[in-house]
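A.B. asks: I am sharing my_file-v8.json, which consists of JSON, C-alpha atoms:
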```json
[["chain", "number", "residue", "atom", "x", "y", "z"],
["A", 1, "MET", "CA", 13.00, 27.88, 31.64],
["A", 2, "SER", "CA", 12.44, 27.88, 27.87],
["A", 3, "LYS", "CA", 10.14, 30.18, 25.94],
["A", 4, "MET", "CA", 7.79, 27.28, 25.19],
["A", 5, "ASP", "CA", 7.57, 26.37, 28.88],
["A", 6, "HIS", "CA", 6.65, 29.95, 29.77],
["A", 7, "MET", "CA", 4.02, 30.05, 27.02],
["A", 8, "MET", "CA", 2.49, 26.79, 28.22],
["A", 9, "GLN", "CA", 2.33, 28.12, 31.79],
["A", 10, "ILE", "CA", 0.65, 31.31, 30.60],
["A", 11, "LEU", "CA", -1.86, 29.24, 28.62],
["A", 12, "TRP", "CA", -2.79, 27.15, 31.67],
["A", 13, "MET", "CA", -3.11, 30.31, 33.77],
["A", 14, "LEU", "CA", -5.51, 31.76, 31.20],
["A", 15, "ASN", "CA", -7.43, 28.48, 31.10],
["A", 16, "SER", "CA", -8.34, 28.98, 34.76],
["A", 17, "GLY", "CA", -11.31, 31.02, 33.49],
["A", 18, "ARG", "CA", -10.54, 34.22, 35.38],
["A", 19, "LYS", "CA", -9.13, 37.46, 34.05],
["A", 20, "ILE", "CA", -5.41, 37.86, 34.69],
["A", 21, "THR", "CA", -3.10, 40.82, 34.13],
["A", 22, "ALA", "CA", 0.34, 40.94, 32.55],
["A", 23, "LYS", "CA", 1.74, 42.06, 35.92],
["A", 24, "GLU", "CA", 0.27, 39.02, 37.70],
["A", 25, "ILE", "CA", 1.72, 36.72, 35.04],
["A", 26, "ALA", "CA", 5.14, 38.37, 35.34],
["A", 27, "GLU", "CA", 5.15, 38.03, 39.11],
["A", 28, "LYS", "CA", 3.92, 34.43, 39.02],
["A", 29, "LEU", "CA", 6.55, 33.33, 36.49],
["A", 30, "GLU", "CA", 9.23, 35.71, 37.78],
["A", 31, "ILE", "CA", 9.91, 37.19, 34.36],
["A", 32, "ASN", "CA", 10.00, 40.68, 32.84],
["A", 33, "ILE", "CA", 6.60, 42.13, 31.94],
["A", 34, "ARG", "CA", 7.88, 42.83, 28.40],
["A", 35, "SER", "CA", 8.52, 39.10, 28.04],
["A", 36, "VAL", "CA", 4.90, 38.49, 29.03],
["A", 37, "TYR", "CA", 3.73, 40.76, 26.19],
["A", 38, "ARG", "CA", 5.96, 38.89, 23.73],
["A", 39, "TYR", "CA", 4.64, 35.50, 24.85],
["A", 40, "ILE", "CA", 1.03, 36.72, 24.65],
["A", 41, "ASN", "CA", 1.68, 37.93, 21.10],
["A", 42, "SER", "CA", 3.26, 34.57, 20.18],
["A", 43, "LEU", "CA", 0.27, 32.68, 21.58],
["A", 44, "SER", "CA", -2.12, 34.88, 19.62],
["A", 45, "ALA", "CA", -0.11, 34.38, 16.43],
["A", 46, "SER", "CA", -0.35, 30.61, 17.00],
["A", 47, "GLY", "CA", -4.14, 30.83, 16.91],
["A", 48, "VAL", "CA", -4.90, 31.01, 20.64],
["A", 49, "PRO", "CA", -8.01, 33.27, 20.98],
["A", 50, "ILE", "CA", -6.78, 35.60, 23.74],
["A", 51, "ILE", "CA", -9.07, 38.52, 24.60],
["A", 52, "ALA", "CA", -7.24, 41.61, 25.90],
["A", 53, "GLU", "CA", -9.17, 44.26, 27.86],
["A", 54, "THR", "CA", -7.58, 47.60, 28.68],
["A", 55, "GLY", "CA", -8.32, 49.92, 31.58],
["A", 56, "HIS", "CA", -8.32, 49.73, 35.34],
["A", 57, "HIS", "CA", -10.10, 46.39, 35.43],
["A", 58, "GLY", "CA", -8.45, 45.06, 32.26],
["A", 59, "GLY", "CA", -6.51, 41.89, 31.70],
["A", 60, "TYR", "CA", -6.34, 38.77, 29.58],
["A", 61, "THR", "CA", -8.93, 36.02, 29.17],
["A", 62, "LEU", "CA", -9.55, 33.17, 26.74],
["A", 63, "LEU", "CA", -12.45, 32.78, 24.35],
["A", 64, "ASN", "CA", -15.13, 30.43, 25.70],
["A", 65, "ASN", "CA", -14.52, 26.67, 25.32],
["A", 66, "PHE", "CA", -10.92, 27.11, 24.17],
["A", 67, "ILE", "CA", -9.99, 24.50, 26.77],
["A", 68, "LYS", "CA", -11.51, 21.93, 24.39],
["A", 69, "SER", "CA", -9.29, 23.04, 21.54],
["A", 70, "PRO", "CA", -5.77, 21.77, 20.74],
["A", 71, "LEU", "CA", -2.96, 23.35, 22.72],
["A", 72, "ILE", "CA", -0.33, 25.03, 20.57],
["A", 73, "PHE", "CA", 0.43, 23.84, 17.04],
["A", 74, "ASP", "CA", 2.19, 25.82, 14.36],
["A", 75, "VAL", "CA", 1.11, 25.70, 10.71],
["A", 76, "ASP", "CA", 3.47, 22.86, 9.75],
["A", 77, "GLU", "CA", 2.32, 20.76, 12.71],
["A", 78, "LYS", "CA", -1.36, 21.33, 11.88],
["A", 79, "ALA", "CA", -0.76, 20.48, 8.22],
["A", 80, "ALA", "CA", 1.12, 17.30, 9.23],
["A", 81, "LEU", "CA", -1.76, 16.19, 11.48],
["A", 82, "LEU", "CA", -4.33, 16.90, 8.76],
["A", 83, "HIS", "CA", -2.23, 14.96, 6.23],
["A", 84, "ALA", "CA", -2.03, 12.07, 8.69],
["A", 85, "SER", "CA", -5.82, 12.15, 9.11],
["A", 86, "ILE", "CA", -6.24, 11.79, 5.33],
["A", 87, "PHE", "CA", -4.02, 8.69, 5.38],
["A", 88, "ALA", "CA", -6.01, 7.29, 8.32],
["A", 89, "LYS", "CA", -9.37, 7.82, 6.61],
["A", 90, "GLU", "CA", -8.23, 6.15, 3.41],
["A", 91, "ALA", "CA", -6.89, 3.22, 5.43],
["A", 92, "GLY", "CA", -10.42, 2.68, 6.72],
["A", 93, "TYR", "CA", -9.97, 4.34, 10.12],
["A", 94, "PHE", "CA", -12.95, 3.24, 12.16],
["A", 95, "LEU", "CA", -13.33, 6.19, 14.57],
["A", 96, "ASP", "CA", -14.18, 8.57, 11.76],
["A", 97, "GLU", "CA", -16.49, 10.80, 13.78],
["A", 98, "ALA", "CA", -13.85, 11.46, 16.44],
["A", 99, "LEU", "CA", -11.22, 12.05, 13.75],
["A", 100, "ASN", "CA", -13.44, 14.60, 11.99],
["A", 101, "SER", "CA", -14.04, 16.39, 15.29],
["A", 102, "ALA", "CA", -10.30, 16.54, 16.01],
["A", 103, "THR", "CA", -9.38, 17.86, 12.57],
["A", 104, "ALA", "CA", -12.20, 20.43, 12.75],
["A", 105, "LYS", "CA", -10.62, 21.84, 15.91],
["A", 106, "LEU", "CA", -7.29, 22.19, 14.16],
["A", 107, "THR", "CA", -8.80, 24.53, 11.60],
["A", 108, "MET", "CA", -11.39, 26.16, 13.90],
["A", 109, "TYR", "CA", -8.78, 27.54, 16.26],
["A", 110, "SER", "CA", -6.57, 29.06, 13.58],
["A", 111, "ASN", "CA", -6.34, 32.65, 12.49],
["A", 112, "GLN", "CA", -7.05, 33.66, 8.88],
["A", 113, "GLU", "CA", -3.41, 33.59, 7.83],
["A", 114, "GLN", "CA", -2.95, 30.10, 9.28],
["A", 115, "GLU", "CA", -6.15, 28.84, 7.60],
["A", 116, "LYS", "CA", -4.89, 30.10, 4.25],
["A", 117, "MET", "CA", -1.50, 28.41, 4.70],
["A", 118, "ILE", "CA", -3.12, 25.14, 5.85],
["A", 119, "GLN", "CA", -5.33, 25.08, 2.76],
["A", 120, "GLN", "CA", -2.25, 25.62, 0.60],
["A", 121, "HIS", "CA", -0.64, 22.62, 2.28],
["A", 122, "LEU", "CA", -3.70, 20.44, 1.67],
["A", 123, "GLN", "CA", -4.36, 21.45, -1.94],
["A", 124, "GLY", "CA", -3.47, 18.61, -4.28],
["A", 125, "PHE", "CA", -2.81, 16.17, -1.43],
["A", 126, "GLU", "CA", -5.02, 13.14, -1.96],
["A", 127, "ILE", "CA", -4.80, 9.45, -1.09],
["A", 128, "ILE", "CA", -6.58, 6.69, -2.97],
["A", 129, "GLY", "CA", -7.14, 3.71, -0.72],
["A", 130, "PRO", "CA", -9.43, 0.67, -0.51],
["A", 131, "ASP", "CA", -13.06, 1.05, 0.48],
["A", 132, "GLU", "CA", -13.17, -0.45, 3.97],
["A", 133, "SER", "CA", -16.48, 1.16, 5.03],
["A", 134, "SER", "CA", -18.13, -2.27, 5.42],
["A", 135, "LEU", "CA", -15.54, -3.19, 8.06],
["A", 136, "GLU", "CA", -16.17, -0.14, 10.23],
["A", 137, "PRO", "CA", -18.73, -1.80, 12.59],
["A", 138, "LEU", "CA", -16.43, -4.81, 13.06],
["A", 139, "LEU", "CA", -13.35, -2.67, 13.69],
["A", 140, "LYS", "CA", -15.20, -0.55, 16.26],
["A", 141, "LYS", "CA", -16.35, -3.62, 18.19],
["A", 142, "LEU", "CA", -12.88, -5.15, 18.04],
["A", 143, "GLU", "CA", -11.27, -1.95, 19.28],
["A", 144, "GLU", "CA", -13.79, -1.71, 22.13],
["A", 145, "SER", "CA", -13.07, -5.30, 23.16],
["A", 146, "ILE", "CA", -9.32, -4.69, 23.05],
["A", 147, "VAL", "CA", -9.67, -1.61, 25.29],
["A", 148, "LYS", "CA", -12.07, -3.31, 27.72],
["A", 149, "GLY", "CA", -10.16, -6.61, 27.68],
["A", 150, "THR", "CA", -13.23, -8.74, 26.89],
["A", 151, "SER", "CA", -13.53, -11.78, 24.63],
["A", 152, "ILE", "CA", -15.51, -11.87, 21.40],
["A", 153, "GLU", "CA", -17.33, -14.65, 19.57],
["A", 154, "MET", "CA", -17.08, -14.39, 15.80],
["A", 155, "GLU", "CA", -18.07, -16.20, 12.64],
["A", 156, "TYR", "CA", -14.86, -16.60, 10.63],
["A", 157, "HIS", "CA", -13.85, -18.41, 7.45],
["A", 158, "THR", "CA", -10.42, -19.08, 5.96],
["A", 159, "ASN", "CA", -9.39, -19.50, 2.33],
["A", 160, "ASN", "CA", -9.86, -23.24, 2.67],
["A", 161, "GLU", "CA", -13.33, -23.04, 4.20],
["A", 162, "GLU", "CA", -16.53, -22.30, 2.32],
["A", 163, "GLN", "CA", -18.57, -22.12, 5.51],
["A", 164, "SER", "CA", -17.67, -19.85, 8.40],
["A", 165, "LYS", "CA", -17.03, -21.34, 11.83],
["A", 166, "SER", "CA", -17.69, -19.93, 15.27],
["A", 167, "ARG", "CA", -14.59, -18.99, 17.26],
["A", 168, "VAL", "CA", -14.12, -17.38, 20.66],
["A", 169, "VAL", "CA", -10.98, -15.22, 20.84],
["A", 170, "ASN", "CA", -9.28, -12.72, 23.14],
["A", 171, "PRO", "CA", -8.36, -9.76, 20.89],
["A", 172, "TYR", "CA", -4.93, -8.33, 21.73],
["A", 173, "GLY", "CA", -4.46, -5.77, 18.97],
["A", 174, "LEU", "CA", -5.33, -4.52, 15.48],
["A", 175, "VAL", "CA", -2.74, -4.37, 12.69],
["A", 176, "TYR", "CA", -3.08, -2.58, 9.33],
["A", 177, "TRP", "CA", -0.79, -4.12, 6.70],
["A", 178, "LYS", "CA", -0.78, -3.96, 2.89],
["A", 179, "GLN", "CA", -4.24, -2.34, 2.78],
["A", 180, "ASN", "CA", -5.85, -4.95, 5.01],
["A", 181, "TRP", "CA", -6.89, -5.03, 8.68],
["A", 182, "TYR", "CA", -5.94, -7.94, 10.94],
["A", 183, "VAL", "CA", -6.72, -8.75, 14.55],
["A", 184, "VAL", "CA", -4.12, -10.60, 16.62],
["A", 185, "ALA", "CA", -5.92, -12.69, 19.22],
["A", 186, "PHE", "CA", -5.71, -15.73, 21.45],
["A", 187, "CYS", "CA", -7.89, -18.42, 19.86],
["A", 188, "HIS", "CA", -9.75, -20.65, 22.33],
["A", 189, "VAL", "CA", -10.20, -23.33, 19.67],
["A", 190, "ARG", "CA", -6.49, -23.62, 18.80],
["A", 191, "ASN", "CA", -5.31, -22.63, 22.28],
["A", 192, "GLU", "CA", -2.70, -20.27, 20.82],
["A", 193, "ILE", "CA", -2.24, -16.70, 19.59],
["A", 194, "ARG", "CA", -3.22, -16.33, 15.94],
["A", 195, "THR", "CA", -3.83, -13.68, 13.32],
["A", 196, "PHE", "CA", -7.28, -13.21, 11.75],
["A", 197, "LYS", "CA", -8.11, -11.12, 8.71],
["A", 198, "VAL", "CA", -10.97, -8.79, 9.63],
["A", 199, "GLY", "CA", -12.42, -8.99, 6.11],
["A", 200, "ARG", "CA", -13.15, -12.70, 6.69],
["A", 201, "ILE", "CA", -15.23, -12.06, 9.81],
["A", 202, "SER", "CA", -18.89, -12.30, 8.83],
["A", 203, "SER", "CA", -20.23, -11.32, 12.26],
["A", 204, "LEU", "CA", -19.15, -10.93, 15.87],
["A", 205, "HIS", "CA", -20.52, -10.06, 19.27],
["A", 206, "GLN", "CA", -18.86, -9.11, 22.52],
["A", 207, "THR", "CA", -19.20, -11.75, 25.22],
["A", 208, "GLY", "CA", -18.32, -9.47, 28.12],
["A", 209, "ILE", "CA", -16.02, -12.19, 29.49],
["A", 210, "PRO", "CA", -12.79, -10.53, 30.72],
["A", 211, "PHE", "CA", -9.31, -11.74, 29.82],
["A", 212, "GLN", "CA", -5.80, -10.73, 30.82],
["A", 213, "ARG", "CA", -3.64, -9.41, 27.99],
["A", 214, "PRO", "CA", 0.01, -10.53, 28.17],
["A", 215, "GLN", "CA", 2.27, -7.80, 29.47],
["A", 216, "SER", "CA", 4.44, -6.00, 26.89],
["A", 217, "PHE", "CA", 2.75, -7.90, 24.06],
["A", 218, "SER", "CA", 3.14, -6.27, 20.63],
["A", 219, "ALA", "CA", 0.56, -7.23, 18.03],
["A", 220, "SER", "CA", 2.69, -5.83, 15.20],
["A", 221, "ASP", "CA", 5.79, -7.75, 16.35],
["A", 222, "PHE", "CA", 3.81, -10.99, 16.52],
["A", 223, "PHE", "CA", 2.30, -10.31, 13.10],
["A", 224, "MET", "CA", 5.65, -9.68, 11.41],
["A", 225, "LYS", "CA", 7.31, -12.68, 13.10],
["A", 226, "SER", "CA", 4.51, -14.89, 11.79],
["A", 227, "LEU", "CA", 5.29, -13.66, 8.28],
["A", 228, "PHE", "CA", 9.05, -13.95, 8.72],
["A", 229, "PRO", "CA", 9.76, -16.63, 11.30],
["A", 230, "GLN", "CA", 13.26, -16.66, 12.73],
["A", 231, "VAL", "CA", 15.45, -19.28, 11.11],
["A", 232, "GLU", "CA", 17.87, -20.59, 13.71],
["A", 233, "ASP", "CA", 19.84, -22.78, 11.30],
["A", 234, "LYS", "CA", 21.44, -20.44, 8.77],
["A", 235, "GLN", "CA", 22.71, -23.47, 6.84],
["A", 236, "ASN", "CA", 19.18, -23.96, 5.49],
["A", 237, "LEU", "CA", 19.28, -20.54, 3.84],
["A", 238, "VAL", "CA", 20.24, -20.42, 0.17],
["A", 239, "PRO", "CA", 22.18, -17.52, -1.41],
["A", 240, "PHE", "CA", 20.00, -15.92, -4.09],
["A", 241, "ILE", "CA", 21.76, -13.45, -6.41],
["A", 242, "ILE", "CA", 20.27, -11.28, -9.17],
["A", 243, "CYS", "CA", 21.70, -8.65, -11.48],
["A", 244, "GLY", "CA", 20.22, -6.29, -14.05],
["A", 245, "LYS", "CA", 18.88, -2.77, -14.44],
["A", 246, "SER", "CA", 19.41, -0.74, -11.30],
["A", 247, "SER", "CA", 15.75, 0.35, -11.11],
["A", 248, "ALA", "CA", 14.51, -3.25, -11.39],
["A", 249, "VAL", "CA", 16.99, -4.56, -8.81],
["A", 250, "ASP", "CA", 15.96, -1.69, -6.50],
["A", 251, "ALA", "CA", 12.29, -2.61, -6.85],
["A", 252, "ILE", "CA", 12.94, -6.28, -6.08],
["A", 253, "SER", "CA", 15.18, -5.38, -3.13],
["A", 254, "GLN", "CA", 12.34, -3.28, -1.65],
["A", 255, "HIS", "CA", 9.68, -5.96, -2.10],
["A", 256, "TRP", "CA", 7.88, -6.57, 1.21],
["A", 257, "PHE", "CA", 9.12, -10.19, 1.35],
["A", 258, "LEU", "CA", 12.61, -10.02, -0.15],
["A", 259, "LYS", "CA", 13.74, -6.85, 1.62],
["A", 260, "TYR", "CA", 13.88, -8.80, 4.90],
["A", 261, "HIS", "CA", 16.34, -11.22, 3.31],
["A", 262, "LEU", "CA", 18.60, -8.70, 1.57],
["A", 263, "GLN", "CA", 22.27, -9.14, 2.53],
["A", 264, "GLU", "CA", 24.14, -6.95, 0.07],
["A", 265, "ARG", "CA", 23.22, -4.40, -2.58],
["A", 266, "THR", "CA", 25.58, -3.02, -5.23],
["A", 267, "ASN", "CA", 24.90, -0.92, -8.33],
["A", 268, "LYS", "CA", 23.53, -3.78, -10.45],
["A", 269, "ASN", "CA", 23.47, -6.74, -8.05],
["A", 270, "ALA", "CA", 21.55, -7.87, -5.00],
["A", 271, "ILE", "CA", 22.32, -10.82, -2.75],
["A", 272, "PHE", "CA", 19.65, -12.44, -0.56],
["A", 273, "LEU", "CA", 19.59, -15.34, 1.90],
["A", 274, "VAL", "CA", 16.27, -17.16, 1.53],
["A", 275, "ASP", "CA", 14.77, -20.34, 2.90],
["A", 276, "GLU", "CA", 15.03, -22.97, 0.15],
["A", 277, "GLU", "CA", 11.34, -23.87, 0.16],
["A", 278, "ALA", "CA", 10.25, -20.22, -0.07],
["A", 279, "LEU", "CA", 12.86, -19.59, -2.76],
["A", 280, "HIS", "CA", 11.43, -22.20, -5.11],
["A", 281, "THR", "CA", 7.77, -21.73, -4.14],
["A", 282, "TYR", "CA", 7.30, -17.95, -4.20],
["A", 283, "VAL", "CA", 10.31, -16.20, -5.73],
["A", 284, "PRO", "CA", 9.77, -17.31, -9.37],
["A", 285, "TYR", "CA", 6.38, -15.57, -9.39],
["A", 286, "LEU", "CA", 7.88, -12.44, -7.82],
["A", 287, "LEU", "CA", 10.43, -12.21, -10.65],
["A", 288, "PHE", "CA", 8.06, -12.70, -13.61],
["A", 289, "PRO", "CA", 6.84, -9.06, -13.83],
["A", 290, "TYR", "CA", 10.44, -7.85, -14.34],
["A", 291, "GLY", "CA", 10.97, -9.91, -17.49],
["A", 292, "LYS", "CA", 14.44, -9.51, -19.01],
["A", 293, "SER", "CA", 15.32, -6.47, -16.90],
["A", 294, "ILE", "CA", 16.83, -8.80, -14.28],
["A", 295, "GLN", "CA", 18.74, -12.06, -14.42],
["A", 296, "VAL", "CA", 19.18, -14.80, -11.84],
["A", 297, "VAL", "CA", 22.88, -15.41, -11.20],
["A", 298, "GLU", "CA", 22.47, -18.03, -8.47],
["A", 299, "PRO", "CA", 21.28, -20.63, -7.70],
["A", 300, "ILE", "CA", 20.96, -22.75, -10.83],
["A", 301, "SER", "CA", 18.04, -24.59, -9.21],
["A", 302, "LEU", "CA", 16.01, -21.35, -9.21],
["A", 303, "LYS", "CA", 16.69, -20.84, -12.92],
["A", 304, "GLN", "CA", 15.40, -24.35, -13.59],
["A", 305, "LYS", "CA", 12.35, -23.73, -11.41],
["A", 306, "ILE", "CA", 11.50, -20.60, -13.40],
["A", 307, "ILE", "CA", 11.77, -22.61, -16.64],
["A", 308, "ASP", "CA", 9.52, -25.34, -15.21],
["A", 309, "VAL", "CA", 6.88, -22.82, -14.15],
["A", 310, "LEU", "CA", 6.93, -21.14, -17.56],
["A", 311, "TYR", "CA", 6.49, -24.51, -19.31],
["A", 312, "GLU", "CA", 3.55, -25.26, -17.03],
["A", 313, "LEU", "CA", 1.92, -22.00, -18.08],
["A", 314, "ILE", "CA", 2.60, -22.70, -21.76],
["A", 315, "HIS", "CA", 1.07, -26.17, -21.54],
["A", 316, "PHE", "CA", -1.88, -24.77, -19.61],
["A", 317, "TYR", "CA", -2.73, -22.25, -22.33],
["A", 318, "GLU", "CA", -2.01, -24.69, -25.15],
["A", 319, "ASN", "CA", -4.69, -27.04, -23.84],
["A", 320, "GLU", "CA", -8.30, -26.36, -24.78],
["A", 321, "ASN", "CA", -9.35, -25.24, -21.33],
["A", 322, "PHE", "CA", -11.42, -22.33, -22.57],
["A", 323, "THR", "CA", -14.40, -22.18, -24.90],
["A", 324, "ASP", "CA", -16.00, -18.86, -25.87],
["A", 325, "GLY", "CA", -14.23, -17.15, -23.01],
["A", 326, "GLU", "CA", -15.64, -19.49, -20.33],
["A", 327, "CYS", "CA", -13.79, -21.94, -18.12],
["A", 328, "GLN", "CA", -14.68, -25.61, -18.62]]
```
As structure tokens, how would this structure be written, given the file I've shared?
C.D. replies:
Amino acid sequence: MSKMDHMMQILWMLNSGRKITAKEIAEKLEINIRSVYRYINSLSASGVPIIAETGHHGGYTLLNNFIKSPLIFDVDEKAALLHASIFAKEAGYFLDEALNSATAKLTMYSNQEQEKMIQQHLQGFEIIGPDESSLEPLLKKLEESIVKGTSIEMEYHTNNEEQSKSRVVNPYGLVYWKQNWYVVAFCHVRNEIRTFKVGRISSLHQTGIPFQRPQSFSASDFFMKSLFPQVEDKQNLVPFIICGKSSAVDAISQHWFLKYHLQERTNKNAIFLVDEEALHTYVPYLLFPYGKSIQVVEPISLKQKIIDVLYELIHFYENENFTDGECQ
């Protein structure tokens, strides 16, 4: 049995609430009593508040309520969890109170040396994220409905709708992507699984009506497949080749859309296979910020599309569409 296994067994024995001696531990685990002392010292160094009493009626006990504290984390593990909590908060994590309680325990049950090292890890580590505080009540209700498996009725509007519409959905999962929250749910209106942006929900209430979630359903898989549907006919994909400065080609190759279509990457070139409609509809606008640092090698049709879009912009700004800084 490993050292960690022995330490965990000792911890659970101490968590029984009664005083226990090193001899009893050694006999129970069938190990040398000197090993018990080493494991006790290791547990104490990890921040476990073990109280040692000497004398005829001595033994080891745990500080009150330690059972509510984390088990055994070293400094790096605690720092990693605290870093992760910072990311979660800035992403608009909606169970903030529980998260604060959990992170408080990580620091509460640490010795002075560990606290100092943890603070050193956290100094200068900051995340700037969107303010999603207004979504917190919605996210909490959605998460509750997902856990309970009950439908919700919500007021929701799309980009094409000025007025919100009432929809009843079965929420299957929440997805956080590109600084936005989405709920993947079965829509009773459309009679299919769809993705809804939480920021477009004006209000919702839980109906209490139960539903059965599909087995092995992955909200994130569904979400990504809806963004990048599988193209069965590869003949409809067009080779798209760029060359230029390595840093610019790297940036384009790592773009959230194009990276899924990357086929080959060399020092100054990148080759993609892209659906023709998407190539001419979206890609020109993705390339504009890179200016002359990249060049389209193929296809010629994309070069022409970029020229057409640029001429459209030129004509737009040449026309007198603006007066005193206001749109007509």
A.B. asks: Expressed in Å to a single decimal, how great is the separation between atom CA of Asn159 of chain A and atom CA of Thr195 of chain A?
C.D. replies: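 Straight-line distance from atom CA of Asn159 of chain A to atom CA of Thr195 of chain A works out to 13.6 Å.
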A.B. asks: Determine, counting all atoms listed in the file, which protein, DNA and RNA residues have an atom within 10 Å of an atom of Thr266 of chain A; residues of the same chain fewer than 2 positions away are not included. Present the result as a tab-separated table (two decimals) with C-alpha atoms, in the coordinates of the input.
C.D. replies:
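Wrote selection.tsv, looks like this:
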```tsv
chain	number	residue	atom	x	y	z
A	243	CYS	CA	21.70	-8.65	-11.48
A	246	SER	CA	19.41	-0.74	-11.30
A	249	VAL	CA	16.99	-4.56	-8.81
A	250	ASP	CA	15.96	-1.69	-6.50
A	264	GLU	CA	24.14	-6.95	0.07
A	268	LYS	CA	23.53	-3.78	-10.45
A	269	ASN	CA	23.47	-6.74	-8.05
A	270	ALA	CA	21.55	-7.87	-5.00
A	271	ILE	CA	22.32	-10.82	-2.75
```
A.B. asks: Tell me, as an MDAnalysis selection string, which residues lie within 8 Å of segment 135-148 of chain A, counting only C-alpha atoms; anything in the same chain fewer than 4 positions away does not count.
C.D. replies: chainID A and resid 92:95 152 171:174 183 198:199 203:206 210
A.B. asks: If you keep C-alpha atoms, can you produce a file of those selected residues as a compact mmCIF listing (two decimals), keeping the file's coordinate frame?
C.D. replies:
```
# COMPACT_ATOMS: atom_id res chain seq x y z
CA GLY A 92 -10.42 2.68 6.72
CA TYR A 93 -9.97 4.34 10.12
CA PHE A 94 -12.95 3.24 12.16
CA LEU A 95 -13.33 6.19 14.57
CA ILE A 152 -15.51 -11.87 21.40
CA PRO A 171 -8.36 -9.76 20.89
CA TYR A 172 -4.93 -8.33 21.73
CA GLY A 173 -4.46 -5.77 18.97
CA LEU A 174 -5.33 -4.52 15.48
CA VAL A 183 -6.72 -8.75 14.55
CA VAL A 198 -10.97 -8.79 9.63
CA GLY A 199 -12.42 -8.99 6.11
CA SER A 203 -20.23 -11.32 12.26
CA LEU A 204 -19.15 -10.93 15.87
CA HIS A 205 -20.52 -10.06 19.27
CA GLN A 206 -18.86 -9.11 22.52
CA PRO A 210 -12.79 -10.53 30.72
```
A.B. asks: Give me, please, the distance in Å between atom CA of Thr21 of chain A and atom CA of Ser2 of chain A, quoted to one decimal.
C.D. replies: 21.2 Å
A.B. asks: Give me, as a PDB file with C-alpha atoms, keeping the file's coordinate frame, all polymer residues having an atom no more than 12 Å from Met7 of chain A, counting only C-alpha atoms and skipping those fewer than 2 positions away in the same chain.
C.D. replies:
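Result file is result.pdb:
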```
ATOM      1  CA  MET A   1      13.000  27.880  31.640  1.00  0.00           C
ATOM      2  CA  SER A   2      12.440  27.880  27.870  1.00  0.00           C
ATOM      3  CA  LYS A   3      10.140  30.180  25.940  1.00  0.00           C
ATOM      4  CA  MET A   4       7.790  27.280  25.190  1.00  0.00           C
ATOM      5  CA  ASP A   5       7.570  26.370  28.880  1.00  0.00           C
ATOM      6  CA  GLN A   9       2.330  28.120  31.790  1.00  0.00           C
ATOM      7  CA  ILE A  10       0.650  31.310  30.600  1.00  0.00           C
ATOM      8  CA  LEU A  11      -1.860  29.240  28.620  1.00  0.00           C
ATOM      9  CA  TRP A  12      -2.790  27.150  31.670  1.00  0.00           C
ATOM     10  CA  MET A  13      -3.110  30.310  33.770  1.00  0.00           C
ATOM     11  CA  LEU A  14      -5.510  31.760  31.200  1.00  0.00           C
ATOM     12  CA  ILE A  25       1.720  36.720  35.040  1.00  0.00           C
ATOM     13  CA  ALA A  26       5.140  38.370  35.340  1.00  0.00           C
ATOM     14  CA  LEU A  29       6.550  33.330  36.490  1.00  0.00           C
ATOM     15  CA  ILE A  31       9.910  37.190  34.360  1.00  0.00           C
ATOM     16  CA  SER A  35       8.520  39.100  28.040  1.00  0.00           C
ATOM     17  CA  VAL A  36       4.900  38.490  29.030  1.00  0.00           C
ATOM     18  CA  TYR A  37       3.730  40.760  26.190  1.00  0.00           C
ATOM     19  CA  ARG A  38       5.960  38.890  23.730  1.00  0.00           C
ATOM     20  CA  TYR A  39       4.640  35.500  24.850  1.00  0.00           C
ATOM     21  CA  ILE A  40       1.030  36.720  24.650  1.00  0.00           C
ATOM     22  CA  ASN A  41       1.680  37.930  21.100  1.00  0.00           C
ATOM     23  CA  SER A  42       3.260  34.570  20.180  1.00  0.00           C
ATOM     24  CA  LEU A  43       0.270  32.680  21.580  1.00  0.00           C
ATOM     25  CA  SER A  44      -2.120  34.880  19.620  1.00  0.00           C
ATOM     26  CA  SER A  46      -0.350  30.610  17.000  1.00  0.00           C
ATOM     27  CA  VAL A  48      -4.900  31.010  20.640  1.00  0.00           C
ATOM     28  CA  LEU A  71      -2.960  23.350  22.720  1.00  0.00           C
ATOM     29  CA  ILE A  72      -0.330  25.030  20.570  1.00  0.00           C
TER      30      ILE A  72
END
```
A.B. asks: Nearest residue to Leu273 of chain A out of A:Ile241, A:Thr158, A:Cys187, A:Ile294, using all atoms listed in the file?
C.D. replies: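 Distance minimum relative to Leu273 of chain A lands on A:Ile241.
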A.B. asks: Report, in Å to a single decimal, how far apart atom CA of Val168 of chain A and atom CA of Phe186 of chain A are.
C.D. replies: 8.6 Å
A.B. asks: Find the residues with any atom within 9 Å of (-7.4, -17.8, 21.4); use all atoms listed in the file and the coordinates as given in the file, and write the answer as JSON, numbers by chain.
C.D. replies: {"A": [167, 168, 169, 170, 171, 185, 186, 187, 188, 189, 190, 191, 192, 193, 194]}
A.B. asks: Looking at A:Phe196, A:Tyr282, A:Phe223, A:Tyr290, which one is nearest to Ile252 of chain A, with distances taken over only C-alpha atoms?
C.D. replies: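 Closest to Ile252 of chain A, using only C-alpha atoms: A:Tyr290.
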A.B. asks: So, with all atoms listed in the file as the atoms that count, which of A:Leu99, A:Ala251, A:Met8, A:Leu313 lies closest to Pro289 of chain A?
C.D. replies: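 Residue with the minimum atom-to-atom distance to Pro289 of chain A: A:Ala251.
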A.B. asks: Identify, on the basis of only C-alpha atoms, every residue whose closest approach to His280 of chain A does not exceed 10 Å; exclude the query and any residue fewer than 2 positions from it along the same chain; express the result as a ChimeraX atom specification.
C.D. replies: /A:274-278,282-285,301-306
